[in-house]
Every structure is written in C-alpha cells, then in structure tokens.
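Asks: Could you have a look at this structure, given as structure tokens, before my questions?
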Amino acid sequence: MQPATQAWWFAAGRLLGTVLLGLGAGWLFGNAWGGLAIALAVHLAWVLSNLFRLEWWLRHRSYADPPDSGGVWGEIIAQIVRLHRRKRFHKQRFVQLMRQLQRSTAALPDGVVILNAQREIVWFNLMASRLLGLRRSADLGMRIENLLREPAVVRYLASADYSNPIVIRPTGGEDGYLSLQVAPYGDGQLLLLVRDVSRQMRLEAVRRDFVANASHELRSPLTVISGYLETLAQDPSLEAELQGPVAEMRRQAERMTSIIRDLLELSRLEETDEVVGGRPVDIAALVSMLRKDVLGRPVHPGNVTVSVESDAQLIGDEPEIHSAFSNLVDNAAKYTPRGGAIHIRWWVDAQGGHFAVTDTGIGIPTEHIPRLTERFYRVDPGRSRSTGGSGLGLAIVKHVLQRHGATLEIKSAEGVGSTFTCHFPPARIALPQRAATATG
Ligand code: ADP
C-alpha cells in the first residue's frame with residue numbers, strides 16, 4: 001500500500017477511535033452524546049492547530065523548517081516540500097537559460113530588437129544599441145518608428161511584407177549603411193535584425209563604379225572601330241573574301257555596343273534603389289510604338305496584336321518604362337519564329353496596372369525561370385548571342401520595376417510560349433482626366 005493511502009486509513013481510524021472513545025467515555029459518565037461532542041471538539045482543535053502550523057510555515061518557509069507532523073499532515077507537507085524544490089530547480093534553470101541567452105545575443109555580431117504588437121521596444125542587445133543609437137533606460141517601451149524616423153523604415157514596417165531586408169543610412173547612430181530585416185513571431189511580435197552592411201555597400205559601389213567606368217572607357221574606341229568597319233563595308237573596292245569577315249566584325253561590334261549600352265544603363269539604374277516618382281506615361285501610345293518597332297525588325301513574327309483595355313496612365317519615369325517594356329517586347333520578337341504570334345496587353349484592376357507580353361515562341365524550361373533576371377543569364381547562350389542579345393535585358397527590366405514598386409511575373413512552357421507580366425501597384429496608376437472629373 002502507498003504511504004499516502006496508509007496515512008489516510010490511519011487518519012480515518014483515528015477519527016473512528018475518537019468517536020468511539022468519546023461515545024464510551026460519555027456513556028460512562030451518563031451522557032454519550034456530550035462525550036462525543038467533547039471528543040470531536042478536541043479532534044477539531046488538533047486539526048486546526050496542524051492547519052495553523054502549516055499556514056505559518058508556508059508564509060515563513062524561506063527560513064523556517066517544516067512542522068514535524070506525522071500522518072496525513074506529514075504527507076501533505078512532504079508534497080509541498082517536493083513541489084517547492086521542483087519549482088526552485090526550474091526557476092534556477094530558467095534564470096541560467098535567460099543569462100546564457102542574454103550573453104549569447106550580446107555576443108552576436110548583429111543587432112537584435114524585440115518589438116511587441118504595438119511596435120514598442122521590449123528588449124534589444126548591445127549591438128542594436130550601438131548600431132541604432134538606442135539607450136537602455138530611455139528607449140525601452142518607445143515605438144520604433146519614433147526612434148528610426150527614416151521614411152523607408154516606416155514604409156517597411158507598415159508594409160507587412162518582410163521577405164527582403166531594407167538598407168538604410170541612419171542619421172542618428174553610426175555612420176554607414178544598415179540592413180534591417182523583420183521576422184514576425186508569436187502573436188504580432190516582431191524580431192528586428194540589424195546588420196552593419198557598410199563594407200558590402202562600399203564594395204558594391206566600387207564594383208558598380210568599375211563596371212560603369214570600364215563601359216564608359218570602352219565606348220569611345222568601339223565607336224571608332226564601328227565607324228571604320230562601316231566605311232570599310234561600304235567600300236566597293238573591298239575584296240570579295242574580306243566582305244564576309246568585315247560583315248561579321250560589324251555584327252560583333254554592334255553586339256559589343258549594345259552590351260556596353262545596357263551595362264551603362266544598368267549602372268545608372270543601380271545608383272539608387274529609390275522608387276522614382278515620375279509623370280503619367282501614355283501606355284496606349286507606348287504600346288503602339290512598341291508594335292511598330294517589332295514590325296520594323298528585319299525578321300519578326302507575323303502576328304503582332306495589342307489590346308489596351310484601360311486608358312489609365314502609368315506614373316513613372318518614361319524613358320525607364322519604355323526601356324523595360326521594349327526589352328520584353330524585343331525578347332518576345334527574338335525568341336518567337338516568323339510563324340508565331342505576339343500579344344501585348346495593358347489593363348487595370350483593383351490590384352493595380354498590368355503590362356503583359358505573350359508570345360508563342362520557344363518558351364523557357366521551368367528550372368531557368370527563377371534565374372532569368374540575373375545579369376548575363378541565358379537559357380541558351382548560343383541562341384541569345386546569335387539574336388544579338390546582351391543577356392542584360394531582363395536585369396534592366398527587374399531594376400526598372402523595382403524602382404517603380406512593381407514586380408515581374410514570368411510564365412512559360414517550353415515549345416509553347418511565354419508571358420512576361422509587369423504588375424504595378426495602384427498608387428502608380430493615374431486615372432484618365434475625364435474619369436477623374438466624372439467621379440470628382
Ligand atoms: P538576352 O539579351 O540574352 O535576350 P535577357 O536578359 O533579355 O537577355 O533574357 C535572358 C534570357 O531569357 C534570354 O537569353 C533567353 O534565354 C530567355 N528569354 C527571355 N525572354 C524570352 C522569351 N520571350 N522567350 C524565350 N526565352 C526568353
């Protein structure tokens with residue numbers, strides 16, 4: 001039998017004994033019920049004294065020893081002591097774990113800030129205070145937007161799309177560049193990770209400058225070479241066996257010129273990641289110009305159709321938008337055979353404005369699609385070169401769209417065709433004047 005069960009049996013036996021003793025003693029003195037009442041009162045007083053000692057010990061248990069009671073009371077006290085020990089053990093482990101966590105996060109090379117659902121600072125580590133200039137005493141409990149007033153940060157926190165980090169140049173803390181990434185967790189809480197990316201940004205700037213300078217330097221000699229090659233090609237006295245090589249040299253010089261032009265454009269686009277403002281661009285006019293450009297190519301698919309389903313305009317930088325859209329249309333023309341078709345479409349809905357180019361060309365195997373916008377990434381390098389592609393077109397498209405807060409969606413099936421769609425947010429759409437007056 002368990003000791004606790006034994007103790008309960010003993011307690012029940014003791015109560016029964018008390019009842020019998022009371023009744024027996026009362027009967028001897030001629031009042032059995034009176035004897036029982038006295039015996040029960042004595043028992044109750046004993047129970048109360050045990051309860052009193054237990055309650056006193058619970059209040060002073062940090063320094064007092066537990067009362068020395070046997071039976072059921074002893075069992076209850078032993079249980080409490082066990083629970084107390086277990087609680088103390090878990091508390092110590094928890095405190096140790098917290099200390100380790102604090103030490104390890106303090107040693108992290110990255111800043112960590114914990115924000116509650118109201119975006120108030122709950123905790124931050126040493127690096128975060130250094131990078132963001134936070135002060136432990138004053139800034140705990142403050143809203144993060146009040147401390148980091150950069151519009152980019154405010155926009156980022158409000159966007160609820162934390163898939164990519166943002167890079168800022170803080171005005172308060174250290175000089176340089178900081179990358180901020182939010183990781184939501186729990187019930188609306190946010191973990192803000194702060195990293196010093198000044199070195200990467202400097203290297204990136206060096207790389208950008210190098211590419212821009214090299215392209216710039218190459219442009220002038222190439223212009224001279226192209227000029228001479230053109231003159232040479234037009235020279236009627238050019239020997240027949242040289243005409244082929246000269247024509248090939250001209251083609252290659254043209255390719256180099258287009259690569260350099262695209263590199264320079266990419267460098268310019270990369271200079272700032274900021275979303276450009278711009279003016280309303282007439283997409284209907286742009287689309288009809290793009291169609292004419294395709295039809296003006298020496299080789300082009302026979303069927304080029306357009307559908308402009310909205311006369312809403314797109315707010316952006318016209319040359320950039322033109323460059324991005326014409327790259328997409330150019331690709332469709334390059335990778336679609338003569339018998340194929342191209343369809344250019346512009347429409348507006350609640351999600352914003354959409355520009356799509358669909359072709360019935362060679363298509364792209366699925367595994368290549370995620371990498372298409374990388375610089376110089378080509379599905380079939382030989383084919384791209386033969387069509388005069390620089391391998392930079394889609395990288396330019398991606399950058400232009402990024403600067404306009406837009407995204408590129410690519411759908412393609414090998415041998416069937418592709419659709420490249422640019423999705424612009426509603427803020428980029430300007431309703432036509434008459435619609436605006438009608439509604440206003
Ligand atoms: P390129 O100058 O080589 O066309 P891009 O950056 O414009 O470079 O495109 C990258 C690659 O994506 C191309 O080399 C080609 O393989 C593929 N691609 C782009 N557009 C299409 C399309 N409409 N159909 C098939 N493949 C395409």
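Naming works like this for the structure tokens: A, B, ... for the chains as they're shown, residue 1 at the start of each chain, ligands 1 onward in shown order.
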Which residues are close to Tyr335 of chain A, i.e. within 10 Å by only C-alpha atoms, leaving aside same-chain residues fewer than 5 positions away? Reply as a compact mmCIF listing (two decimals) with N, CA, C and O atoms, in the first residue's frame.

Replies:
```txt
# COMPACT_ATOMS: atom_id res chain seq x y z
N HIS A 300 10.59 39.17 -88.01
CA HIS A 300 9.67 39.28 -86.87
C HIS A 300 8.51 38.32 -87.03
O HIS A 300 8.17 37.91 -88.15
N PRO A 301 7.86 37.95 -85.91
CA PRO A 301 6.70 37.06 -86.01
C PRO A 301 5.59 37.77 -86.78
O PRO A 301 5.44 38.99 -86.68
N ASP A 330 11.01 43.10 -77.28
CA ASP A 330 12.17 42.69 -78.07
C ASP A 330 12.46 41.21 -77.90
O ASP A 330 12.70 40.48 -78.87
N GLY A 340 5.00 32.62 -85.61
CA GLY A 340 4.40 32.75 -84.27
C GLY A 340 3.64 34.05 -84.08
O GLY A 340 3.47 34.84 -85.02
N ASP A 359 3.99 35.51 -75.95
CA ASP A 359 4.45 35.05 -77.27
C ASP A 359 4.22 33.55 -77.39
O ASP A 359 4.02 32.85 -76.41
N THR A 360 4.26 33.10 -78.64
CA THR A 360 4.11 31.66 -78.88
C THR A 360 5.46 31.13 -79.35
O THR A 360 5.54 30.31 -80.26
N GLY A 361 6.51 31.60 -78.68
CA GLY A 361 7.87 31.27 -79.10
C GLY A 361 8.41 29.99 -78.49
O GLY A 361 7.64 29.09 -78.13
N ILE A 362 9.73 29.98 -78.33
CA ILE A 362 10.40 28.73 -77.94
C ILE A 362 10.14 28.36 -76.48
O ILE A 362 10.31 27.22 -76.09
N GLY A 363 9.72 29.34 -75.65
CA GLY A 363 9.45 29.05 -74.24
C GLY A 363 10.73 28.84 -73.44
O GLY A 363 11.84 28.82 -73.99
N ILE A 364 10.56 28.71 -72.14
CA ILE A 364 11.72 28.59 -71.25
C ILE A 364 11.50 27.40 -70.30
O ILE A 364 10.44 27.32 -69.66
N ARG A 383 22.12 30.74 -78.74
CA ARG A 383 20.95 31.34 -79.39
C ARG A 383 20.85 32.83 -79.07
O ARG A 383 20.59 33.65 -79.94
N SER A 384 21.08 33.16 -77.78
CA SER A 384 20.99 34.56 -77.37
C SER A 384 21.99 35.41 -78.14
O SER A 384 21.69 36.49 -78.62
N THR A 387 21.07 36.05 -81.66
CA THR A 387 20.00 37.04 -81.84
C THR A 387 20.46 38.44 -81.44
O THR A 387 19.68 39.39 -81.46
N GLY A 417 5.39 28.75 -75.41
CA GLY A 417 5.46 30.21 -75.39
C GLY A 417 5.60 30.75 -73.98
O GLY A 417 5.65 29.98 -73.01
N SER A 418 5.71 32.08 -73.89
CA SER A 418 5.95 32.70 -72.58
C SER A 418 5.06 33.92 -72.42
O SER A 418 4.65 34.55 -73.39
```

Asks: Write out as a short mmCIF file (atom, residue, chain, number, x, y, z; two decimals) with all heavy atoms, in the first residue's frame all residues of segment 228-313 of chain A that DSSP puts in alpha helix (DSSP H) for this structure's backbone.

Replies:
```
data_model
loop_
_atom_site.label_atom_id
_atom_site.label_comp_id
_atom_site.auth_asym_id
_atom_site.auth_seq_id
_atom_site.Cartn_x
_atom_site.Cartn_y
_atom_site.Cartn_z
N TYR A 228 34.98 52.81 -88.61
CA TYR A 228 35.89 52.33 -89.67
C TYR A 228 35.33 51.09 -90.36
O TYR A 228 35.41 50.96 -91.58
CB TYR A 228 37.27 52.01 -89.08
CG TYR A 228 38.13 53.26 -88.95
CD1 TYR A 228 38.67 53.63 -87.72
CD2 TYR A 228 38.41 54.06 -90.07
CE1 TYR A 228 39.45 54.77 -87.60
CE2 TYR A 228 39.19 55.20 -89.94
CZ TYR A 228 39.71 55.56 -88.72
OH TYR A 228 40.46 56.67 -88.61
N LEU A 229 34.72 50.20 -89.55
CA LEU A 229 34.17 48.97 -90.14
C LEU A 229 33.04 49.30 -91.11
O LEU A 229 32.91 48.69 -92.17
CB LEU A 229 33.65 48.04 -89.04
CG LEU A 229 34.73 47.25 -88.30
CD1 LEU A 229 34.12 46.50 -87.12
CD2 LEU A 229 35.39 46.25 -89.25
N GLU A 230 32.24 50.31 -90.75
CA GLU A 230 31.13 50.71 -91.61
C GLU A 230 31.66 51.26 -92.93
O GLU A 230 31.18 50.89 -94.02
CB GLU A 230 30.29 51.76 -90.89
CG GLU A 230 28.95 51.89 -91.55
CD GLU A 230 27.92 52.53 -90.63
OE1 GLU A 230 28.16 52.57 -89.41
OE2 GLU A 230 26.92 52.99 -91.17
N THR A 231 32.68 52.12 -92.80
CA THR A 231 33.27 52.70 -94.00
C THR A 231 33.85 51.59 -94.89
O THR A 231 33.64 51.55 -96.10
CB THR A 231 34.42 53.68 -93.62
OG1 THR A 231 34.01 54.40 -92.47
CG2 THR A 231 34.76 54.63 -94.74
N LEU A 232 34.52 50.66 -94.19
CA LEU A 232 35.16 49.54 -94.91
C LEU A 232 34.11 48.70 -95.64
O LEU A 232 34.29 48.32 -96.81
CB LEU A 232 35.91 48.69 -93.88
CG LEU A 232 37.11 47.90 -94.36
CD1 LEU A 232 38.18 48.85 -94.90
CD2 LEU A 232 37.69 47.09 -93.20
N ALA A 233 32.99 48.45 -94.93
CA ALA A 233 31.95 47.60 -95.53
C ALA A 233 31.34 48.27 -96.75
O ALA A 233 30.91 47.60 -97.69
CB ALA A 233 30.87 47.32 -94.49
N GLN A 234 31.29 49.61 -96.73
CA GLN A 234 30.66 50.31 -97.86
C GLN A 234 31.64 50.55 -99.01
O GLN A 234 31.25 51.05 -100.06
CB GLN A 234 30.10 51.64 -97.36
CG GLN A 234 28.78 51.46 -96.63
CD GLN A 234 28.42 52.67 -95.81
OE1 GLN A 234 29.12 53.69 -95.83
NE2 GLN A 234 27.35 52.55 -95.06
N ALA A 240 36.33 40.53 -102.27
CA ALA A 240 35.17 39.67 -102.01
C ALA A 240 35.39 38.78 -100.78
O ALA A 240 34.48 38.62 -99.95
CB ALA A 240 34.88 38.82 -103.23
N GLU A 241 36.62 38.22 -100.64
CA GLU A 241 36.81 37.29 -99.50
C GLU A 241 36.87 38.02 -98.15
O GLU A 241 36.78 37.40 -97.10
CB GLU A 241 38.07 36.40 -99.69
CG GLU A 241 39.38 37.09 -99.67
CD GLU A 241 39.83 37.48 -101.09
OE1 GLU A 241 38.98 37.66 -102.00
OE2 GLU A 241 41.03 37.60 -101.28
N LEU A 242 37.00 39.36 -98.22
CA LEU A 242 37.02 40.13 -96.94
C LEU A 242 35.64 40.61 -96.53
O LEU A 242 35.42 41.01 -95.39
CB LEU A 242 37.97 41.33 -97.08
CG LEU A 242 39.45 41.03 -96.94
CD1 LEU A 242 40.26 42.32 -97.09
CD2 LEU A 242 39.79 40.38 -95.60
N GLN A 243 34.70 40.56 -97.50
CA GLN A 243 33.37 41.12 -97.20
C GLN A 243 32.66 40.35 -96.07
O GLN A 243 32.07 40.95 -95.17
CB GLN A 243 32.50 41.09 -98.46
CG GLN A 243 32.80 42.28 -99.34
CD GLN A 243 32.13 42.21 -100.69
OE1 GLN A 243 31.32 41.32 -100.95
NE2 GLN A 243 32.50 43.11 -101.58
N GLY A 244 32.79 39.02 -96.12
CA GLY A 244 32.17 38.18 -95.05
C GLY A 244 32.75 38.52 -93.69
O GLY A 244 32.01 38.87 -92.75
N PRO A 245 34.09 38.43 -93.52
CA PRO A 245 34.68 38.75 -92.20
C PRO A 245 34.35 40.17 -91.73
O PRO A 245 34.07 40.37 -90.55
CB PRO A 245 36.19 38.60 -92.43
CG PRO A 245 36.31 37.67 -93.58
CD PRO A 245 35.10 37.87 -94.43
N VAL A 246 34.34 41.14 -92.66
CA VAL A 246 34.05 42.52 -92.23
C VAL A 246 32.60 42.61 -91.73
O VAL A 246 32.33 43.25 -90.70
CB VAL A 246 34.32 43.52 -93.38
CG1 VAL A 246 33.74 44.90 -93.06
CG2 VAL A 246 35.82 43.65 -93.64
N ALA A 247 31.69 41.93 -92.44
CA ALA A 247 30.28 41.96 -92.00
C ALA A 247 30.16 41.34 -90.61
O ALA A 247 29.44 41.86 -89.74
CB ALA A 247 29.41 41.20 -93.01
N GLU A 248 30.89 40.22 -90.39
CA GLU A 248 30.86 39.56 -89.08
C GLU A 248 31.43 40.49 -87.99
O GLU A 248 30.90 40.59 -86.88
CB GLU A 248 31.65 38.24 -89.16
CG GLU A 248 31.70 37.44 -87.86
CD GLU A 248 30.32 37.07 -87.30
OE1 GLU A 248 29.35 37.06 -88.07
OE2 GLU A 248 30.24 36.85 -86.06
N MET A 249 32.54 41.18 -88.33
CA MET A 249 33.14 42.12 -87.38
C MET A 249 32.16 43.23 -87.03
O MET A 249 32.06 43.66 -85.88
CB MET A 249 34.44 42.71 -87.97
CG MET A 249 35.64 41.78 -87.81
SD MET A 249 36.89 42.11 -89.03
CE MET A 249 37.70 43.52 -88.39
N ARG A 250 31.39 43.67 -88.03
CA ARG A 250 30.42 44.74 -87.76
C ARG A 250 29.33 44.24 -86.81
O ARG A 250 28.94 44.93 -85.88
CB ARG A 250 29.76 45.18 -89.07
CG ARG A 250 30.56 46.25 -89.76
CD ARG A 250 29.80 46.78 -90.94
NE ARG A 250 28.65 47.58 -90.55
CZ ARG A 250 27.66 47.92 -91.37
NH1 ARG A 250 27.68 47.51 -92.62
NH2 ARG A 250 26.68 48.66 -90.96
N ARG A 251 28.88 43.00 -87.06
CA ARG A 251 27.85 42.41 -86.20
C ARG A 251 28.34 42.32 -84.75
O ARG A 251 27.65 42.69 -83.81
CB ARG A 251 27.48 41.01 -86.70
CG ARG A 251 26.12 40.97 -87.41
CD ARG A 251 25.54 39.57 -87.48
NE ARG A 251 26.47 38.60 -88.03
CZ ARG A 251 26.71 38.44 -89.34
NH1 ARG A 251 26.08 39.19 -90.23
NH2 ARG A 251 27.57 37.55 -89.77
N GLN A 252 29.61 41.84 -84.62
CA GLN A 252 30.16 41.68 -83.26
C GLN A 252 30.36 43.06 -82.60
O GLN A 252 30.14 43.20 -81.40
CB GLN A 252 31.50 40.92 -83.29
CG GLN A 252 31.38 39.47 -83.75
CD GLN A 252 30.42 38.66 -82.88
OE1 GLN A 252 30.20 38.96 -81.71
NE2 GLN A 252 29.80 37.65 -83.49
N ALA A 253 30.78 44.05 -83.41
CA ALA A 253 30.97 45.39 -82.85
C ALA A 253 29.62 45.94 -82.38
O ALA A 253 29.53 46.58 -81.33
CB ALA A 253 31.59 46.32 -83.89
N GLU A 254 28.56 45.65 -83.15
CA GLU A 254 27.22 46.09 -82.75
C GLU A 254 26.80 45.44 -81.44
O GLU A 254 26.21 46.07 -80.56
CB GLU A 254 26.21 45.72 -83.84
CG GLU A 254 25.90 46.88 -84.77
CD GLU A 254 25.14 46.41 -86.00
OE1 GLU A 254 24.28 45.52 -85.86
OE2 GLU A 254 25.43 46.91 -87.09
N ARG A 255 27.13 44.14 -81.33
CA ARG A 255 26.80 43.42 -80.08
C ARG A 255 27.51 44.05 -78.90
O ARG A 255 26.92 44.27 -77.84
CB ARG A 255 27.23 41.95 -80.18
CG ARG A 255 26.08 41.03 -80.47
CD ARG A 255 26.42 39.61 -80.10
NE ARG A 255 26.49 39.42 -78.66
CZ ARG A 255 27.36 38.64 -78.05
NH1 ARG A 255 28.28 38.00 -78.76
NH2 ARG A 255 27.34 38.51 -76.75
N MET A 256 28.82 44.32 -79.10
CA MET A 256 29.58 44.94 -78.02
C MET A 256 28.98 46.29 -77.64
O MET A 256 28.86 46.62 -76.47
CB MET A 256 31.06 45.11 -78.43
CG MET A 256 31.85 43.84 -78.24
SD MET A 256 33.45 43.96 -79.01
CE MET A 256 34.33 44.91 -77.82
N THR A 257 28.58 47.04 -78.66
CA THR A 257 27.99 48.36 -78.38
C THR A 257 26.71 48.19 -77.56
O THR A 257 26.47 48.92 -76.60
CB THR A 257 27.66 49.09 -79.70
OG1 THR A 257 28.80 49.02 -80.53
CG2 THR A 257 27.26 50.53 -79.48
N SER A 258 25.91 47.17 -77.94
CA SER A 258 24.64 47.01 -77.21
C SER A 258 24.92 46.52 -75.79
O SER A 258 24.23 46.93 -74.85
CB SER A 258 23.68 46.10 -77.98
OG SER A 258 23.78 44.78 -77.54
N ILE A 259 25.95 45.68 -75.59
CA ILE A 259 26.28 45.23 -74.23
C ILE A 259 26.70 46.44 -73.39
O ILE A 259 26.26 46.61 -72.24
CB ILE A 259 27.41 44.16 -74.24
CG1 ILE A 259 26.88 42.86 -74.86
CG2 ILE A 259 27.94 43.90 -72.83
CD1 ILE A 259 27.90 41.77 -75.01
N ILE A 260 27.57 47.28 -73.99
CA ILE A 260 28.06 48.44 -73.24
C ILE A 260 26.92 49.40 -72.92
O ILE A 260 26.83 49.93 -71.81
CB ILE A 260 29.19 49.14 -74.04
CG1 ILE A 260 30.44 48.26 -73.91
CG2 ILE A 260 29.46 50.54 -73.55
CD1 ILE A 260 31.57 48.67 -74.79
N ARG A 261 26.01 49.58 -73.89
CA ARG A 261 24.87 50.47 -73.64
C ARG A 261 24.02 49.94 -72.48
O ARG A 261 23.66 50.67 -71.57
CB ARG A 261 24.03 50.56 -74.93
CG ARG A 261 23.05 51.71 -74.93
CD ARG A 261 22.13 51.63 -76.12
NE ARG A 261 21.57 50.29 -76.27
CZ ARG A 261 21.61 49.59 -77.39
NH1 ARG A 261 22.16 50.08 -78.49
NH2 ARG A 261 21.08 48.37 -77.44
N ASP A 262 23.79 48.61 -72.50
CA ASP A 262 22.99 48.02 -71.42
C ASP A 262 23.71 48.08 -70.09
O ASP A 262 23.09 48.30 -69.04
CB ASP A 262 22.64 46.56 -71.76
CG ASP A 262 21.53 46.48 -72.81
OD1 ASP A 262 21.02 47.55 -73.19
OD2 ASP A 262 21.21 45.37 -73.26
N LEU A 263 25.04 47.86 -70.10
CA LEU A 263 25.81 47.94 -68.84
C LEU A 263 25.73 49.33 -68.25
O LEU A 263 25.55 49.50 -67.04
CB LEU A 263 27.28 47.58 -69.09
CG LEU A 263 27.62 46.10 -69.09
CD1 LEU A 263 29.07 45.90 -69.47
CD2 LEU A 263 27.36 45.48 -67.71
N LEU A 264 25.83 50.33 -69.12
CA LEU A 264 25.76 51.72 -68.64
C LEU A 264 24.38 52.02 -68.08
O LEU A 264 24.24 52.67 -67.05
CB LEU A 264 26.11 52.70 -69.77
CG LEU A 264 27.60 52.83 -70.05
CD1 LEU A 264 27.84 53.60 -71.33
CD2 LEU A 264 28.32 53.53 -68.89
N GLU A 265 23.36 51.49 -68.76
CA GLU A 265 22.00 51.74 -68.27
C GLU A 265 21.79 51.05 -66.91
O GLU A 265 21.22 51.64 -65.99
CB GLU A 265 20.98 51.22 -69.29
CG GLU A 265 19.57 51.56 -68.84
CD GLU A 265 18.52 51.35 -69.91
OE1 GLU A 265 18.89 51.03 -71.06
OE2 GLU A 265 17.34 51.51 -69.57
N LEU A 266 22.30 49.81 -66.81
CA LEU A 266 22.17 49.09 -65.54
C LEU A 266 22.87 49.85 -64.42
O LEU A 266 22.34 49.97 -63.31
CB LEU A 266 22.80 47.71 -65.65
CG LEU A 266 21.87 46.52 -65.73
CD1 LEU A 266 22.65 45.24 -65.74
CD2 LEU A 266 20.89 46.51 -64.57
N SER A 267 24.09 50.35 -64.69
CA SER A 267 24.84 51.09 -63.67
C SER A 267 24.05 52.30 -63.22
O SER A 267 23.99 52.62 -62.04
CB SER A 267 26.19 51.58 -64.18
OG SER A 267 26.87 50.56 -64.78
N ARG A 268 23.44 52.98 -64.19
CA ARG A 268 22.67 54.16 -63.85
C ARG A 268 21.46 53.78 -62.96
O ARG A 268 21.18 54.42 -61.97
CB ARG A 268 22.19 54.85 -65.13
CG ARG A 268 21.71 56.26 -64.94
CD ARG A 268 21.15 56.81 -66.23
NE ARG A 268 20.08 56.00 -66.79
CZ ARG A 268 18.85 55.93 -66.30
NH1 ARG A 268 18.53 56.65 -65.26
NH2 ARG A 268 17.94 55.16 -66.85
N LEU A 269 20.79 52.68 -63.34
CA LEU A 269 19.62 52.25 -62.57
C LEU A 269 20.01 51.80 -61.17
O LEU A 269 19.26 51.95 -60.22
CB LEU A 269 18.92 51.08 -63.28
CG LEU A 269 18.19 51.41 -64.57
CD1 LEU A 269 17.71 50.13 -65.23
CD2 LEU A 269 16.98 52.29 -64.27
N GLU A 270 21.24 51.23 -61.07
CA GLU A 270 21.67 50.69 -59.78
C GLU A 270 22.13 51.78 -58.82
O GLU A 270 22.31 51.51 -57.64
CB GLU A 270 22.84 49.72 -59.98
CG GLU A 270 22.40 48.34 -60.42
CD GLU A 270 23.57 47.42 -60.59
OE1 GLU A 270 24.68 47.92 -60.91
OE2 GLU A 270 23.40 46.22 -60.43
N ILE A 283 0.33 54.87 -71.94
CA ILE A 283 0.68 53.49 -72.29
C ILE A 283 0.15 53.13 -73.68
O ILE A 283 0.80 52.40 -74.44
CB ILE A 283 0.14 52.51 -71.23
CG1 ILE A 283 0.77 52.83 -69.87
CG2 ILE A 283 0.46 51.06 -71.60
CD1 ILE A 283 2.25 52.64 -69.77
N ALA A 284 -1.04 53.67 -74.04
CA ALA A 284 -1.60 53.34 -75.36
C ALA A 284 -0.62 53.76 -76.46
O ALA A 284 -0.34 52.97 -77.39
CB ALA A 284 -2.93 54.05 -75.53
N ALA A 285 -0.06 54.97 -76.33
CA ALA A 285 0.89 55.45 -77.35
C ALA A 285 2.16 54.61 -77.33
O ALA A 285 2.70 54.23 -78.38
CB ALA A 285 1.23 56.92 -77.07
N LEU A 286 2.60 54.28 -76.12
CA LEU A 286 3.83 53.49 -75.98
C LEU A 286 3.66 52.10 -76.62
O LEU A 286 4.52 51.62 -77.36
CB LEU A 286 4.17 53.36 -74.49
CG LEU A 286 5.42 52.58 -74.12
CD1 LEU A 286 6.66 53.20 -74.75
CD2 LEU A 286 5.60 52.53 -72.61
N VAL A 287 2.49 51.49 -76.35
CA VAL A 287 2.24 50.14 -76.89
C VAL A 287 2.22 50.16 -78.41
O VAL A 287 2.79 49.28 -79.07
CB VAL A 287 0.92 49.58 -76.30
CG1 VAL A 287 0.44 48.37 -77.08
CG2 VAL A 287 1.11 49.22 -74.83
N SER A 288 1.59 51.20 -78.97
CA SER A 288 1.53 51.21 -80.45
C SER A 288 2.93 51.46 -81.03
O SER A 288 3.28 50.92 -82.08
CB SER A 288 0.48 52.20 -80.95
OG SER A 288 1.05 53.46 -81.10
N MET A 289 3.77 52.22 -80.30
CA MET A 289 5.14 52.43 -80.76
C MET A 289 5.92 51.10 -80.70
O MET A 289 6.66 50.76 -81.62
CB MET A 289 5.81 53.45 -79.85
CG MET A 289 7.01 54.12 -80.43
SD MET A 289 7.18 55.74 -79.73
CE MET A 289 7.74 55.37 -78.10
N LEU A 290 5.70 50.35 -79.63
CA LEU A 290 6.41 49.07 -79.48
C LEU A 290 6.01 48.10 -80.60
O LEU A 290 6.83 47.37 -81.13
CB LEU A 290 6.09 48.45 -78.11
CG LEU A 290 6.64 49.20 -76.88
CD1 LEU A 290 6.11 48.59 -75.59
CD2 LEU A 290 8.16 49.17 -76.87
N ARG A 291 4.72 48.15 -80.95
CA ARG A 291 4.25 47.26 -82.02
C ARG A 291 4.94 47.61 -83.34
O ARG A 291 5.41 46.73 -84.07
CB ARG A 291 2.73 47.40 -82.17
CG ARG A 291 2.16 46.51 -83.23
CD ARG A 291 0.65 46.46 -83.18
NE ARG A 291 0.17 45.57 -84.21
CZ ARG A 291 -0.13 45.94 -85.45
NH1 ARG A 291 -0.02 47.22 -85.77
NH2 ARG A 291 -0.55 45.06 -86.33
N LYS A 292 5.02 48.94 -83.59
CA LYS A 292 5.68 49.39 -84.83
C LYS A 292 7.13 48.94 -84.84
O LYS A 292 7.66 48.50 -85.87
CB LYS A 292 5.62 50.92 -84.92
CG LYS A 292 4.40 51.38 -85.66
CD LYS A 292 4.55 52.84 -86.09
CE LYS A 292 3.20 53.51 -86.10
NZ LYS A 292 3.10 54.67 -85.24
N ASP A 293 7.81 49.05 -83.66
CA ASP A 293 9.21 48.64 -83.57
C ASP A 293 9.38 47.18 -83.95
O ASP A 293 10.31 46.81 -84.66
CB ASP A 293 9.76 48.86 -82.14
CG ASP A 293 9.96 50.34 -81.85
OD1 ASP A 293 9.87 51.14 -82.79
OD2 ASP A 293 10.17 50.67 -80.65
N VAL A 294 8.46 46.33 -83.45
CA VAL A 294 8.58 44.88 -83.76
C VAL A 294 8.40 44.67 -85.25
O VAL A 294 9.19 43.97 -85.89
CB VAL A 294 7.51 44.05 -83.00
CG1 VAL A 294 7.64 42.58 -83.34
CG2 VAL A 294 7.62 44.26 -81.51
N LEU A 295 7.38 45.33 -85.81
CA LEU A 295 7.10 45.13 -87.24
C LEU A 295 8.23 45.69 -88.09
O LEU A 295 8.42 45.27 -89.24
CB LEU A 295 5.76 45.76 -87.61
CG LEU A 295 4.55 45.11 -86.90
CD1 LEU A 295 3.27 45.87 -87.22
CD2 LEU A 295 4.41 43.65 -87.29
#
```

Asks: If the limit is 9 Å from any atom of ligand 1, counting only C-alpha atoms and all ligand atoms, which residues qualify? Return them as a ChimeraX atom specification.

Replies: /A:259,327-336,357-365,368-369,371-385,387-397,412,414,417-420

Asks: Do you know which residues are at most 12 Å from Leu134 of chain A counting only C-alpha atoms, after dropping those on the same chain fewer than 2 positions away, and could you put them as a list in words?

Replies: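 The residues that qualify are Gly111, Val112, Val113, Ile121, Trp123, Phe124, Asn125, Leu126, Met127, Ala128, Ser129, Arg130, Leu131, Leu132, Arg136, Ser137, Ala138, Asp139, Leu140, Gly141, Met142, Arg143, Ile144, Asn146, Leu147, Leu148, Gly172, Gly173 and Glu174 of chain A.
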
Asks: Quick one: residues within 10 Å of Ile429 of chain A, only C-alpha atoms counted, chain neighbours fewer than 2 positions away excluded, as a list in words?

Replies: Pro280, Val281, Ala312, Gln313, Leu314, Ile315, Gly316, Val348, Asp349, Gly352, Gly353, His354, Phe424, Pro425, Pro426, Ala427, Leu431 and Pro432 of chain A
